[in-house]
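Asker: Please find one structure pasted underneath; my questions will follow.
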Amino acid sequence: MNLLNSILYDTIYHSTPLILAVLGGLFAHKANVLNIGLEGMMLMGAFAATLFVYLTGSLWLGILISILLTLVLGLIFSFFGVTLKSNFIITGLGINIFVQAFSSFILKFMALSNINVSNIISVSALKIELPVIRDIPYLSSLLSGHTAITYLSLILIPVVSIIMFRTKFGVYVRVVGENEEAAKSVGISTVKIRYIAVLIGAVLCALAGANLATERMALFTNGMTSGRGFIAIAAIYCGRAMPVKSTVYALIFGLARSLAINLGLFAGPVSGLFEIVPYLMIVTVLFAVSAFEASHSRIRGFKNG
Amino acid sequence: MNQRRWLSNFLSVLSPVVLTLLLGGIIITAIGEDPVLTYSVMIQRSLFSYSGILKTLHFAAPLILTGLAIAITFKANIFNMGVEGQAVLGAFFAGVAGFSFTRLPPALHIALCLLAGMAVGVLFALIPAILKARFKVDEMVVTLMLNYVVVEITKYLSQGVYKDPASGYVSTYAIRESAMFKKIFNSDITAFFFISLVVFAIMVVVFKKSKLGYEITAIGLNPEFAEATGMDVRKKILSIMILSGAMSGLAGAGFLMSEKYRYTLDFSGSPGIGWDGMLIALLGGHNPVGIVVAAVFYSALKTGSDYIGLFTNVPKEIVGVIQGILILFLSVRFIDSRFKVLGRVKALVRSHGVSGSGE
């Protein structure tokens, strides 16, 4: 039963950065500026948070600075994607390549192979046990003993849902995405809405990165987000940018990673191959969702996009 | 008229390059180094000496191929981000063929390895192609995910069955002498460069003269219209991805057989030859001639960056930084109709603009 407990715990553990990136990314997706730069923004969050914890010695200051720096990245993305009307897919990929290169450039310059801050922050001290839930079997492994950002990400699921469907801002985001001309005709500033949508994504990606690098491991290594931003985009696609539905896909992908890691322990020499399970799982889920939708569409012939 | 268009094309490529080098210079200054010295070392070593030029051309060969592999799909508005994975997997299995067969005559062995790389590249490109053509699965996410699958599979294989125990780090066996491209002209350059030029010549014909080239443009501009005129868009997507996979596999195989000789975990470098190909395709404006120029330019930066460590304290990762910034700037120029509202409006404006000025 130990195995089940650790699978439950790891599912939430591995889902956290995905949930944050999904919740942040779906605003931009709804506003019709798909942000492929989630990956780079998350890496920026991870890098900046760890670097500034290393430099300032304070976890919260590090996270704050990483949010600010990722916001700058978000501003760059929206300036190109929204103001200059670039091809935002290419812009996003440019962001990803830039952040990856920039972080390894700085590491090389500082003559470090990674940034280790375990002497400044203690990973185990950051885990918060929930008072009542900790005594309930299974539920305690699922929900107790996580970090602050993890709990924040869980709270954000209903919050984002409410913002998207119950507030004026949410309506504006959806209108801008669905019918730009209509939005303009009633006086909505489409540019402003899109900027805000992208920037929300940047903040949540910074938190995702901070969770991944500092809170969880107190360590930054090059390219450590390893595709989590892209996985988040897959989850947004599958969940059609609905907050709860997309989060469920993020949890499915978190579960896949958790299973791969926990079951890999028993696989002996082939355990390395278990690493590919989450990625293959995403392709399979995406395939299932798209095939289902394709079988229900009534468009004759091939329609792109 | 034609001259003016050529000039504006040239300026629209040159200005992002200049801006990027300026920003790169600011970053270099910010870490307390001399940007002029850094850039001049880069260019002197890669372009202003006989051996430097040949070395630059040598490293440009795989980049020409990955650039073409990306351009052919991007032009049709297929976002094949899997060129990196296809190239690495192609290289890996070209390497396996390179050390597994013995006592083959060099010409045969080299051909066999290149074919192995291309075949693997094609097979791996077919997964997203079939998913896209048959089930409309988004090719971008699939190819991005499959890249990570390649990383893990090659890592697993090179740590396991194919590990060379004599090597101090994780690496496969070196390929046999008979599978290696020989250095010629007393320099780094090999026959692989000329193979890449042959592929380039073929692609010029495909892009400019063939039916497929026309169809690629048509699908890129408007797939529904292409379908309505009777094109089998599904089949074309498969053909395009097969060509792209073959070139990616060839790029990886050739890079392994002319330069690295064995597969290591950092084989493709960072950001990797497939990602370099994306920059090159964008910089070259999805046009074969432009791609060759862009590949040589980028290869010169990359080759030159190996020497900046000797004269300055600038890490050679600066090239990746420059690459990222340059892609950002180039994204503004590259117009796309993938996203309905924005793309349609832009395509409309552009088609009016083009036909208006052509008359």
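How things are named: the first chain in the structure tokens is A, the next is B, and so on; residues count from 1 in each chain; ligands count from 1 in the order shown.
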Can you work out which residues from chain A touch chain B at a cut-off of 7 Å (counting only C-alpha atoms) and hand them back as number ranges by chain?
Answerer: A: 80, 84-87, 90-91, 94-95, 97-98, 101-102, 104-105, 108-109, 230, 234, 272-273, 275-276, 279, 283, 286-287, 290-291, 294, 301-305
Asker: Please provide the set of residues having any atom within 9 Å of Val33 in chain A, restricted to only C-alpha atoms, with same-chain residues fewer than 4 positions apart removed, written as a ChimeraX atom specification.
Answerer: /A:27-29,78,81-82,88-89,177,194,197-198 /B:339
Asker: Mind writing the picked residues with N, CA and C atoms as a PDB file, in the first residue's frame?
Answerer:
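Resulting contents of part22.pdb:
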ATOM      1  N   PHE A  27      -5.930  31.440 -20.634  1.00  0.00           N
ATOM      2  CA  PHE A  27      -6.441  32.785 -20.934  1.00  0.00           C
ATOM      3  C   PHE A  27      -5.971  33.231 -22.318  1.00  0.00           C
ATOM      4  N   ALA A  28      -4.655  33.054 -22.554  1.00  0.00           N
ATOM      5  CA  ALA A  28      -4.114  33.462 -23.849  1.00  0.00           C
ATOM      6  C   ALA A  28      -4.738  32.627 -24.964  1.00  0.00           C
ATOM      7  N   HIS A  29      -4.925  31.335 -24.701  1.00  0.00           N
ATOM      8  CA  HIS A  29      -5.523  30.461 -25.708  1.00  0.00           C
ATOM      9  C   HIS A  29      -6.937  30.912 -26.032  1.00  0.00           C
ATOM     10  N   SER A  78       3.935  39.560 -25.641  1.00  0.00           N
ATOM     11  CA  SER A  78       2.722  40.246 -26.105  1.00  0.00           C
ATOM     12  C   SER A  78       3.052  41.413 -27.016  1.00  0.00           C
ATOM     13  N   GLY A  81       3.627  39.504 -30.252  1.00  0.00           N
ATOM     14  CA  GLY A  81       2.463  38.745 -30.708  1.00  0.00           C
ATOM     15  C   GLY A  81       1.226  39.599 -30.886  1.00  0.00           C
ATOM     16  N   VAL A  82       1.020  40.576 -30.004  1.00  0.00           N
ATOM     17  CA  VAL A  82      -0.205  41.366 -30.049  1.00  0.00           C
ATOM     18  C   VAL A  82       0.015  42.688 -30.775  1.00  0.00           C
ATOM     19  N   PHE A  88       2.712  34.253 -33.617  1.00  0.00           N
ATOM     20  CA  PHE A  88       3.066  34.061 -32.204  1.00  0.00           C
ATOM     21  C   PHE A  88       3.579  32.664 -31.900  1.00  0.00           C
ATOM     22  N   ILE A  89       3.367  31.716 -32.816  1.00  0.00           N
ATOM     23  CA  ILE A  89       3.978  30.399 -32.593  1.00  0.00           C
ATOM     24  C   ILE A  89       5.496  30.521 -32.672  1.00  0.00           C
ATOM     25  N   GLY A 177     -11.367  36.396 -28.216  1.00  0.00           N
ATOM     26  CA  GLY A 177     -10.892  35.211 -28.921  1.00  0.00           C
ATOM     27  C   GLY A 177     -11.862  34.741 -29.978  1.00  0.00           C
ATOM     28  N   ARG A 194      -5.666  41.079 -24.475  1.00  0.00           N
ATOM     29  CA  ARG A 194      -4.685  40.051 -24.842  1.00  0.00           C
ATOM     30  C   ARG A 194      -3.408  40.190 -24.024  1.00  0.00           C
ATOM     31  N   ALA A 197      -4.136  38.743 -20.702  1.00  0.00           N
ATOM     32  CA  ALA A 197      -4.240  37.284 -20.783  1.00  0.00           C
ATOM     33  C   ALA A 197      -2.851  36.650 -20.813  1.00  0.00           C
ATOM     34  N   VAL A 198      -1.953  37.222 -21.606  1.00  0.00           N
ATOM     35  CA  VAL A 198      -0.601  36.655 -21.686  1.00  0.00           C
ATOM     36  C   VAL A 198       0.133  36.832 -20.360  1.00  0.00           C
TER      37      VAL A 198
ATOM     38  N   PHE B 339      -4.115  30.677 -37.740  1.00  0.00           N
ATOM     39  CA  PHE B 339      -5.174  31.133 -36.841  1.00  0.00           C
ATOM     40  C   PHE B 339      -6.162  31.988 -37.592  1.00  0.00           C
TER      41      PHE B 339
END
Asker: Using only C-alpha atoms, which of the listed residues (A:Thr150, A:Lys30, A:Ser226, A:Ala48) sits closest to Val176 in chain A?
Answerer: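 Among A:Thr150, A:Lys30, A:Ser226, A:Ala48, it is A:Lys30 that comes nearest to Val176 in chain A.
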Asker: Could you give me, as number ranges by chain, the residues within 12 Å of range 42-44 of chain B, counting only C-alpha atoms and dropping anything in the same chain fewer than 5 positions from it?
Answerer: B: 35-37, 49-53, 56, 296-312, 314, 316, 318-319
Asker: Skipping near chain neighbours, those fewer than 5 positions away, what residues fall within 6 Å of range 210-219 of chain A using only C-alpha atoms, listed as a ChimeraX atom specification?
Answerer: /A:45-46,49-50,115-118
Asker: Go through range 72-278 of chain A and collect every residue that DSSP, computed from the backbone, puts in strand (DSSP E); the answer should be as a PyMOL selection string.
Answerer: chain A and resi 115-116+219-220
Asker: Interatomic distance between CA of Met257 in chain B and CA of Leu89 in chain B?
Answerer: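 Rounded to one decimal, the two atoms are 13.7 Å apart.
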Asker: Report the residues of range 1-109 of chain B whose backbone DSSP state falls under alpha helix (DSSP H), written as a PyMOL selection string.
Answerer: chain B and resi 2-30+35-47+50-75+83-100+106-109
Asker: Can you pull out every residue within 12 Å of Glu259 in chain B, counting only C-alpha atoms, but drop anything in the same chain fewer than 4 positions away, and send it as a ChimeraX atom specification?
Answerer: /B:55,58-62,91,95,174-175,179-183,188-193,251-255,263,267-268
Asker: Could you tell me how far CA of Gly40 in chain A lies from CA of Leu154 in chain A, in Å and to one decimal?
Answerer: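 Answer for the CA of Gly40 in chain A to CA of Leu154 in chain A separation: 22.7 Å.
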Asker: Between B:Tyr214, B:Phe92, B:Phe99, B:Phe124, which residue has the minimum interatomic distance to Leu265 in chain B, considering only C-alpha atoms?
Answerer: B:Phe92
Asker: Fewer than 2 positions away in the same chain doesn't count, so skip those; otherwise give me all residues within 12 Å of Gly264 in chain A, counting only C-alpha atoms, as a list in words.
Answerer: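 Non-adjacent residues within range: Leu3, Ile7, Ala256, Arg257, Ser258, Leu259, Ala260, Ile261, Asn262, Phe266, Ala267, Gly268, Pro269, Val270, Ser271, Gly272, Leu273, Phe274, Glu275, Ile276 and Val277 of chain A.
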